[in-house]
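Source file: model.cif. Holds: mmCIF, C-alpha atoms and all ligand atoms; chains and numbers go by the auth columns.
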data_final
loop_
_atom_site.group_PDB
_atom_site.id
_atom_site.type_symbol
_atom_site.label_atom_id
_atom_site.label_comp_id
_atom_site.label_asym_id
_atom_site.label_seq_id
_atom_site.Cartn_x
_atom_site.Cartn_y
_atom_site.Cartn_z
_atom_site.B_iso_or_equiv
_atom_site.auth_seq_id
_atom_site.auth_asym_id
ATOM 1 C CA MET A 1 -8.633 17.900 -1.450 0.00 1 A
ATOM 2 C CA ALA A 2 -9.003 16.013 -4.675 0.00 2 A
ATOM 3 C CA VAL A 3 -9.586 12.460 -5.810 0.00 3 A
ATOM 4 C CA LEU A 4 -6.633 11.413 -7.953 0.00 4 A
ATOM 5 C CA GLU A 5 -6.614 9.139 -10.988 0.00 5 A
ATOM 6 C CA LEU A 6 -5.842 5.511 -10.170 0.00 6 A
ATOM 7 C CA TYR A 7 -3.290 3.600 -12.225 0.00 7 A
ATOM 8 C CA THR A 8 -4.057 -0.066 -12.738 0.00 8 A
ATOM 9 C CA PHE A 9 -2.145 -3.170 -13.798 0.00 9 A
ATOM 10 C CA PRO A 10 -0.251 -3.490 -16.142 0.00 10 A
ATOM 11 C CA HIS A 11 0.763 0.207 -16.103 0.00 11 A
ATOM 12 C CA LYS A 12 4.544 0.275 -15.919 0.00 12 A
ATOM 13 C CA ILE A 13 4.746 2.798 -13.064 0.00 13 A
ATOM 14 C CA LEU A 14 3.427 -0.009 -10.814 0.00 14 A
ATOM 15 C CA SER A 15 6.498 -2.158 -11.447 0.00 15 A
ATOM 16 C CA LYS A 16 9.058 0.596 -10.908 0.00 16 A
ATOM 17 C CA LYS A 17 11.107 1.149 -7.748 0.00 17 A
ATOM 18 C CA CYS A 18 10.081 4.509 -6.220 0.00 18 A
ATOM 19 C CA ASP A 19 12.400 7.337 -5.156 0.00 19 A
ATOM 20 C CA GLU A 20 12.851 8.565 -1.582 0.00 20 A
ATOM 21 C CA VAL A 21 11.101 11.765 -0.517 0.00 21 A
ATOM 22 C CA GLU A 22 13.594 14.504 0.309 0.00 22 A
ATOM 23 C CA CYS A 23 11.468 16.792 2.424 0.00 23 A
ATOM 24 C CA VAL A 24 8.038 16.737 4.065 0.00 24 A
ATOM 25 C CA ASN A 25 6.563 20.164 3.272 0.00 25 A
ATOM 26 C CA ASP A 26 3.146 21.717 2.610 0.00 26 A
ATOM 27 C CA GLU A 27 3.166 20.552 -0.994 0.00 27 A
ATOM 28 C CA LEU A 28 3.735 16.966 0.150 0.00 28 A
ATOM 29 C CA ARG A 29 1.048 17.284 2.853 0.00 29 A
ATOM 30 C CA LYS A 30 -1.440 18.372 0.194 0.00 30 A
ATOM 31 C CA PHE A 31 -0.525 15.261 -1.783 0.00 31 A
ATOM 32 C CA LEU A 32 -0.979 13.100 1.360 0.00 32 A
ATOM 33 C CA ASP A 33 -4.458 14.615 1.836 0.00 33 A
ATOM 34 C CA ASP A 34 -5.347 13.867 -1.793 0.00 34 A
ATOM 35 C CA MET A 35 -4.039 10.303 -1.506 0.00 35 A
ATOM 36 C CA LEU A 36 -6.174 9.727 1.568 0.00 36 A
ATOM 37 C CA GLU A 37 -9.276 11.107 -0.095 0.00 37 A
ATOM 38 C CA THR A 38 -8.624 8.911 -3.133 0.00 38 A
ATOM 39 C CA MET A 39 -8.219 5.852 -0.909 0.00 39 A
ATOM 40 C CA TYR A 40 -11.434 6.559 1.018 0.00 40 A
ATOM 41 C CA SER A 41 -13.391 7.247 -2.159 0.00 41 A
ATOM 42 C CA ASP A 42 -12.620 3.683 -3.274 0.00 42 A
ATOM 43 C CA SER A 43 -13.042 2.130 0.223 0.00 43 A
ATOM 44 C CA GLY A 44 -9.389 1.103 0.166 0.00 44 A
ATOM 45 C CA VAL A 45 -7.422 0.389 3.331 0.00 45 A
ATOM 46 C CA GLY A 46 -4.101 1.448 1.863 0.00 46 A
ATOM 47 C CA LEU A 47 -2.716 3.362 -1.087 0.00 47 A
ATOM 48 C CA ALA A 48 0.815 3.850 -2.370 0.00 48 A
ATOM 49 C CA ALA A 49 1.936 6.878 -4.402 0.00 49 A
ATOM 50 C CA PRO A 50 2.742 4.933 -7.622 0.00 50 A
ATOM 51 C CA GLN A 51 -0.940 3.904 -7.710 0.00 51 A
ATOM 52 C CA VAL A 52 -1.761 7.548 -8.401 0.00 52 A
ATOM 53 C CA GLY A 53 1.120 7.982 -10.825 0.00 53 A
ATOM 54 C CA VAL A 54 3.784 9.368 -8.481 0.00 54 A
ATOM 55 C CA SER A 55 6.943 7.275 -8.182 0.00 55 A
ATOM 56 C CA LYS A 56 7.808 8.306 -4.602 0.00 56 A
ATOM 57 C CA ARG A 57 8.093 6.338 -1.351 0.00 57 A
ATOM 58 C CA ILE A 58 4.781 7.416 0.211 0.00 58 A
ATOM 59 C CA VAL A 59 1.843 5.379 1.526 0.00 59 A
ATOM 60 C CA VAL A 60 -1.388 6.119 3.349 0.00 60 A
ATOM 61 C CA ILE A 61 -3.174 3.479 5.394 0.00 61 A
ATOM 62 C CA ASP A 62 -6.394 3.174 7.370 0.00 62 A
ATOM 63 C CA ASP A 63 -7.066 -0.315 8.674 0.00 63 A
ATOM 64 C CA LYS A 64 -10.444 0.776 10.084 0.00 64 A
ATOM 65 C CA VAL A 65 -12.115 1.157 6.667 0.00 65 A
ATOM 66 C CA THR A 66 -14.981 -1.307 6.336 0.00 66 A
ATOM 67 C CA ASP A 67 -16.935 -2.525 3.298 0.00 67 A
ATOM 68 C CA GLU A 68 -19.591 0.052 4.148 0.00 68 A
ATOM 69 C CA GLY A 69 -17.065 2.863 4.027 0.00 69 A
ATOM 70 C CA VAL A 70 -14.940 4.663 6.559 0.00 70 A
ATOM 71 C CA ALA A 71 -15.376 3.846 10.227 0.00 71 A
ATOM 72 C CA GLY A 72 -12.521 6.119 11.298 0.00 72 A
ATOM 73 C CA PRO A 73 -10.821 8.078 10.115 0.00 73 A
ATOM 74 C CA HIS A 74 -7.637 6.653 11.626 0.00 74 A
ATOM 75 C CA PRO A 75 -5.154 7.456 8.913 0.00 75 A
ATOM 76 C CA LEU A 76 -1.479 6.617 8.960 0.00 76 A
ATOM 77 C CA TYR A 77 0.757 8.619 6.663 0.00 77 A
ATOM 78 C CA MET A 78 4.100 6.982 5.959 0.00 78 A
ATOM 79 C CA VAL A 79 6.877 8.758 4.081 0.00 79 A
ATOM 80 C CA ASN A 80 10.008 6.725 3.228 0.00 80 A
ATOM 81 C CA PRO A 81 8.771 3.698 5.227 0.00 81 A
ATOM 82 C CA VAL A 82 11.315 0.961 5.932 0.00 82 A
ATOM 83 C CA ILE A 83 10.528 -2.395 7.503 0.00 83 A
ATOM 84 C CA VAL A 84 13.334 -2.773 10.024 0.00 84 A
ATOM 85 C CA GLU A 85 12.227 -5.997 11.711 0.00 85 A
ATOM 86 C CA LYS A 86 9.774 -8.766 10.918 0.00 86 A
ATOM 87 C CA SER A 87 8.492 -11.970 12.462 0.00 87 A
ATOM 88 C CA GLU A 88 9.576 -15.409 11.367 0.00 88 A
ATOM 89 C CA ASP A 89 5.952 -16.467 11.748 0.00 89 A
ATOM 90 C CA MET A 90 3.968 -16.139 8.555 0.00 90 A
ATOM 91 C CA ILE A 91 0.215 -15.717 8.041 0.00 91 A
ATOM 92 C CA LEU A 92 -2.080 -16.124 5.048 0.00 92 A
ATOM 93 C CA PHE A 93 -4.360 -13.256 4.205 0.00 93 A
ATOM 94 C CA ASN A 94 -6.819 -12.659 1.374 0.00 94 A
ATOM 95 C CA GLU A 95 -5.601 -9.483 -0.346 0.00 95 A
ATOM 96 C CA GLY A 96 -6.983 -7.163 -2.964 0.00 96 A
ATOM 97 C CA CYS A 97 -5.550 -4.037 -4.536 0.00 97 A
ATOM 98 C CA LEU A 98 -7.126 -0.921 -6.065 0.00 98 A
ATOM 99 C CA SER A 99 -4.684 -1.340 -8.978 0.00 99 A
ATOM 100 C CA VAL A 100 -5.915 -4.903 -9.612 0.00 100 A
ATOM 101 C CA PRO A 101 -9.651 -4.124 -9.486 0.00 101 A
ATOM 102 C CA GLY A 102 -12.195 -6.739 -8.517 0.00 102 A
ATOM 103 C CA GLN A 103 -9.654 -9.482 -7.796 0.00 103 A
ATOM 104 C CA SER A 104 -8.202 -11.055 -4.658 0.00 104 A
ATOM 105 C CA ALA A 105 -5.945 -13.907 -3.595 0.00 105 A
ATOM 106 C CA GLU A 106 -4.342 -15.357 -0.490 0.00 106 A
ATOM 107 C CA VAL A 107 -0.823 -14.078 0.103 0.00 107 A
ATOM 108 C CA GLU A 108 1.733 -15.199 2.676 0.00 108 A
ATOM 109 C CA ARG A 109 3.033 -12.354 4.882 0.00 109 A
ATOM 110 C CA HIS A 110 5.007 -11.859 8.082 0.00 110 A
ATOM 111 C CA GLN A 111 2.708 -11.912 11.124 0.00 111 A
ATOM 112 C CA TRP A 112 4.263 -8.727 12.514 0.00 112 A
ATOM 113 C CA VAL A 113 6.577 -6.018 11.240 0.00 113 A
ATOM 114 C CA LYS A 114 8.340 -3.057 12.762 0.00 114 A
ATOM 115 C CA VAL A 115 8.299 -0.094 10.393 0.00 115 A
ATOM 116 C CA ARG A 116 10.205 3.197 10.566 0.00 116 A
ATOM 117 C CA TYR A 117 8.925 6.214 8.627 0.00 117 A
ATOM 118 C CA LEU A 118 8.361 9.962 8.585 0.00 118 A
ATOM 119 C CA ASP A 119 4.862 11.063 9.556 0.00 119 A
ATOM 120 C CA TYR A 120 2.618 13.869 8.227 0.00 120 A
ATOM 121 C CA PHE A 121 4.842 16.439 9.922 0.00 121 A
ATOM 122 C CA GLY A 122 8.138 14.891 8.869 0.00 122 A
ATOM 123 C CA LYS A 123 8.781 13.459 12.335 0.00 123 A
ATOM 124 C CA GLU A 124 10.462 10.049 12.544 0.00 124 A
ATOM 125 C CA GLN A 125 8.165 7.335 13.877 0.00 125 A
ATOM 126 C CA GLU A 126 8.425 3.643 14.596 0.00 126 A
ATOM 127 C CA LEU A 127 5.439 1.333 14.690 0.00 127 A
ATOM 128 C CA LEU A 128 5.073 -2.314 15.620 0.00 128 A
ATOM 129 C CA ALA A 129 2.115 -3.719 13.713 0.00 129 A
ATOM 130 C CA GLU A 130 0.638 -7.187 13.642 0.00 130 A
ATOM 131 C CA ASP A 131 -1.892 -9.214 11.664 0.00 131 A
ATOM 132 C CA TYR A 132 -4.171 -7.099 9.432 0.00 132 A
ATOM 133 C CA LEU A 133 -2.215 -3.843 9.829 0.00 133 A
ATOM 134 C CA ALA A 134 1.083 -5.695 9.300 0.00 134 A
ATOM 135 C CA VAL A 135 -0.315 -7.202 6.094 0.00 135 A
ATOM 136 C CA ILE A 136 -1.384 -3.781 4.783 0.00 136 A
ATOM 137 C CA ILE A 137 2.031 -2.287 5.567 0.00 137 A
ATOM 138 C CA GLN A 138 3.797 -5.118 3.711 0.00 138 A
ATOM 139 C CA HIS A 139 1.412 -4.801 0.751 0.00 139 A
ATOM 140 C CA GLU A 140 1.880 -1.018 0.511 0.00 140 A
ATOM 141 C CA THR A 141 5.659 -0.972 1.014 0.00 141 A
ATOM 142 C CA ASP A 142 5.892 -3.658 -1.699 0.00 142 A
ATOM 143 C CA HIS A 143 4.263 -1.141 -4.080 0.00 143 A
ATOM 144 C CA LEU A 144 7.219 1.204 -3.451 0.00 144 A
ATOM 145 C CA ASP A 145 9.563 -1.490 -4.771 0.00 145 A
ATOM 146 C CA GLY A 146 7.383 -2.164 -7.810 0.00 146 A
ATOM 147 C CA ILE A 147 5.923 -5.368 -6.372 0.00 147 A
ATOM 148 C CA LEU A 148 2.205 -6.204 -6.549 0.00 148 A
ATOM 149 C CA TYR A 149 0.542 -8.903 -4.438 0.00 149 A
ATOM 150 C CA ILE A 150 0.008 -10.926 -7.625 0.00 150 A
ATOM 151 C CA ASP A 151 3.808 -11.139 -7.871 0.00 151 A
ATOM 152 C CA ARG A 152 3.798 -13.077 -4.588 0.00 152 A
ATOM 153 C CA ILE A 153 1.380 -15.848 -5.545 0.00 153 A
ATOM 154 C CA SER A 154 1.754 -18.891 -7.792 0.00 154 A
ATOM 155 C CA ARG A 155 2.200 -18.269 -11.508 0.00 155 A
ATOM 156 C CA LEU A 156 -0.995 -20.238 -12.176 0.00 156 A
ATOM 157 C CA LYS A 157 -3.058 -18.066 -9.828 0.00 157 A
ATOM 158 C CA ARG A 158 -1.390 -14.914 -11.184 0.00 158 A
ATOM 159 C CA ASN A 159 -2.218 -15.816 -14.782 0.00 159 A
ATOM 160 C CA MET A 160 -5.833 -16.549 -13.806 0.00 160 A
ATOM 161 C CA ILE A 161 -6.187 -13.095 -12.246 0.00 161 A
ATOM 162 C CA ILE A 162 -4.598 -11.373 -15.262 0.00 162 A
ATOM 163 C CA LYS A 163 -6.993 -13.235 -17.586 0.00 163 A
ATOM 164 C CA LYS A 164 -9.991 -12.149 -15.507 0.00 164 A
ATOM 165 C CA LEU A 165 -8.719 -8.555 -15.534 0.00 165 A
ATOM 166 C CA ASP A 166 -8.425 -8.616 -19.339 0.00 166 A
ATOM 167 C CA LYS A 167 -11.966 -9.952 -19.655 0.00 167 A
ATOM 168 C CA SER A 168 -13.427 -7.261 -17.412 0.00 168 A
ATOM 169 C CA LYS A 169 -11.859 -4.491 -19.532 0.00 169 A
HETATM 170 NI NI NI B . -2.209 -2.447 -3.633 0.00 201 A
#
Can the structure in the file be given as structure tokens, please?
Ligand code: NI
Amino acid sequence: MAVLELYTFPHKILSKKCDEVECVNDELRKFLDDMLETMYSDSGVGLAAPQVGVSKRIVVIDDKVTDEGVAGPHPLYMVNPVIVEKSEDMILFNEGCLSVPGQSAEVERHQWVKVRYLDYFGKEQELLAEDYLAVIIQHETDHLDGILYIDRISRLKRNMIIKKLDKSK
């Protein structure tokens, strides 16, 4: 396994809609392993392929990662994930992103989502997730459509975060 290079805002791959994966094979599984290792090495709870420079509809998630590191591992591998149902109820959650380092903001998300995807072995799965896991799934699937969490907050808040990012560079 290998830790991959992380792409950060405002790299243009992060605002591009990703392509579907055609086949889950050994080559893809190796990439899934590398994505997971990259995510764990940065104590992230989710990572989408464009964040490591690959414009494909792939995410890895582990909602059991704590600030101290990995409590699991309990990884979810999602290839071509599609949110097929979502709650009307919304929740506010403080979100960060490995591609927007050191920043966070409250984002409004659906309280639960039902997601359909192909797993590590290319088998179709359906998962009903709520609260924290639902938030991560929405955040990561947004990445596949070129949407960052800072695109879902007020322009004022967004500009503040971008200014802080510039300063820290
Ligand atoms: Ni993110």
* What would the list of residues within 10 Å of (0.5, 7.3, -9.0) (file frame) look like as a PyMOL selection string, if only C-alpha atoms are what count? -> chain A and resi 4-8+13-14+35+47-56
Check every protein, DNA and RNA residue against ligand NI 201 (chain A), keep those with an atom at most 12 Å away (counting all atoms listed in the file), and present them as an mmCIF file with C-alpha atoms, keeping the file's coordinate frame.
data_model
loop_
_atom_site.group_PDB
_atom_site.id
_atom_site.type_symbol
_atom_site.label_atom_id
_atom_site.label_comp_id
_atom_site.auth_asym_id
_atom_site.auth_seq_id
_atom_site.Cartn_x
_atom_site.Cartn_y
_atom_site.Cartn_z
ATOM 1 C CA LEU A 6 -5.842 5.511 -10.170
ATOM 2 C CA TYR A 7 -3.290 3.600 -12.225
ATOM 3 C CA THR A 8 -4.057 -0.066 -12.738
ATOM 4 C CA PHE A 9 -2.145 -3.170 -13.798
ATOM 5 C CA LEU A 14 3.427 -0.009 -10.814
ATOM 6 C CA SER A 15 6.498 -2.158 -11.447
ATOM 7 C CA MET A 39 -8.219 5.852 -0.909
ATOM 8 C CA GLY A 44 -9.389 1.103 0.166
ATOM 9 C CA VAL A 45 -7.422 0.389 3.331
ATOM 10 C CA GLY A 46 -4.101 1.448 1.863
ATOM 11 C CA LEU A 47 -2.716 3.362 -1.087
ATOM 12 C CA ALA A 48 0.815 3.850 -2.370
ATOM 13 C CA ALA A 49 1.936 6.878 -4.402
ATOM 14 C CA PRO A 50 2.742 4.933 -7.622
ATOM 15 C CA GLN A 51 -0.940 3.904 -7.710
ATOM 16 C CA VAL A 52 -1.761 7.548 -8.401
ATOM 17 C CA VAL A 59 1.843 5.379 1.526
ATOM 18 C CA VAL A 60 -1.388 6.119 3.349
ATOM 19 C CA ILE A 61 -3.174 3.479 5.394
ATOM 20 C CA GLU A 95 -5.601 -9.483 -0.346
ATOM 21 C CA GLY A 96 -6.983 -7.163 -2.964
ATOM 22 C CA CYS A 97 -5.550 -4.037 -4.536
ATOM 23 C CA LEU A 98 -7.126 -0.921 -6.065
ATOM 24 C CA SER A 99 -4.684 -1.340 -8.978
ATOM 25 C CA VAL A 100 -5.915 -4.903 -9.612
ATOM 26 C CA PRO A 101 -9.651 -4.124 -9.486
ATOM 27 C CA GLY A 102 -12.195 -6.739 -8.517
ATOM 28 C CA GLN A 103 -9.654 -9.482 -7.796
ATOM 29 C CA SER A 104 -8.202 -11.055 -4.658
ATOM 30 C CA VAL A 135 -0.315 -7.202 6.094
ATOM 31 C CA ILE A 136 -1.384 -3.781 4.783
ATOM 32 C CA ILE A 137 2.031 -2.287 5.567
ATOM 33 C CA GLN A 138 3.797 -5.118 3.711
ATOM 34 C CA HIS A 139 1.412 -4.801 0.751
ATOM 35 C CA GLU A 140 1.880 -1.018 0.511
ATOM 36 C CA THR A 141 5.659 -0.972 1.014
ATOM 37 C CA ASP A 142 5.892 -3.658 -1.699
ATOM 38 C CA HIS A 143 4.263 -1.141 -4.080
ATOM 39 C CA LEU A 144 7.219 1.204 -3.451
ATOM 40 C CA ASP A 145 9.563 -1.490 -4.771
ATOM 41 C CA GLY A 146 7.383 -2.164 -7.810
ATOM 42 C CA ILE A 147 5.923 -5.368 -6.372
ATOM 43 C CA LEU A 148 2.205 -6.204 -6.549
ATOM 44 C CA TYR A 149 0.542 -8.903 -4.438
ATOM 45 C CA ILE A 150 0.008 -10.926 -7.625
ATOM 46 C CA ASP A 151 3.808 -11.139 -7.871
#
* May I ask which of the residues A:Val65, A:Leu92, A:Val79, A:Met1 is the closest one to Ala105 (chain A), counting only C-alpha atoms? =>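 Of A:Val65, A:Leu92, A:Val79, A:Met1, the one nearest Ala105 (chain A), counting only C-alpha atoms, is A:Leu92.
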* **Atom-to-atom span, CA of Asp62 (chain A) and CA of Pro75 (chain A), Å** =>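 Value for the CA of Asp62 (chain A)-CA of Pro75 (chain A) distance: 4.7 Å.
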Could you give me the centre and size, in Å to one decimal, of an axis-aligned box around all listed atoms of region 148-151 of chain A with 6 Å added on every side, as AutoDock Vina command-line options?
--center_x 1.9 --center_y -8.7 --center_z -6.2 --size_x 15.8 --size_y 16.9 --size_z 15.4
* To do: Using only C-alpha atoms, find the one residue out of A:Ser43, A:Thr38, A:Ser168, A:Asn80 that sits nearest to Gly122 (chain A).
  =>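 Checking each candidate against Gly122 (chain A), we get A:Asn80 as the closest.
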* To do: Using the chain letters and residue numbers of this document, give as number ranges by chain the residues selected by the PyMOL selection byres (((chain A and resi 28) around 12) and not hetatm).
  => A: 21-27, 29-35, 49, 54, 56-59, 77-79, 118-122
* To do: Would you work out the distance separating CA of Glu37 (chain A) from CA of Val115 (chain A), expressed in Å to one decimal?
  =>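 If I compute the distance from CA of Glu37 (chain A) to CA of Val115 (chain A), I get 23.3 Å.
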* Which of these residues is nearest to Trp112 (chain A), using all atoms listed in the file: A:Glu85, A:Asp166, A:Asp42, A:Glu130? -> A:Glu130
* To do: Have a look at CA of Tyr117 (chain A) and CA of Val82 (chain A) and let me know their distance in Å, one decimal.
  => 6.4 Å
* For region 107-110 of chain A, please output as a list in words all residues within 6 Å (counting all atoms listed in the file; exclusion window: fewer than 6 positions along the same chain). =>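 Answer for this query is Ser87, Asp89, Met90, Ile91, Leu92 and Phe93 of chain A.
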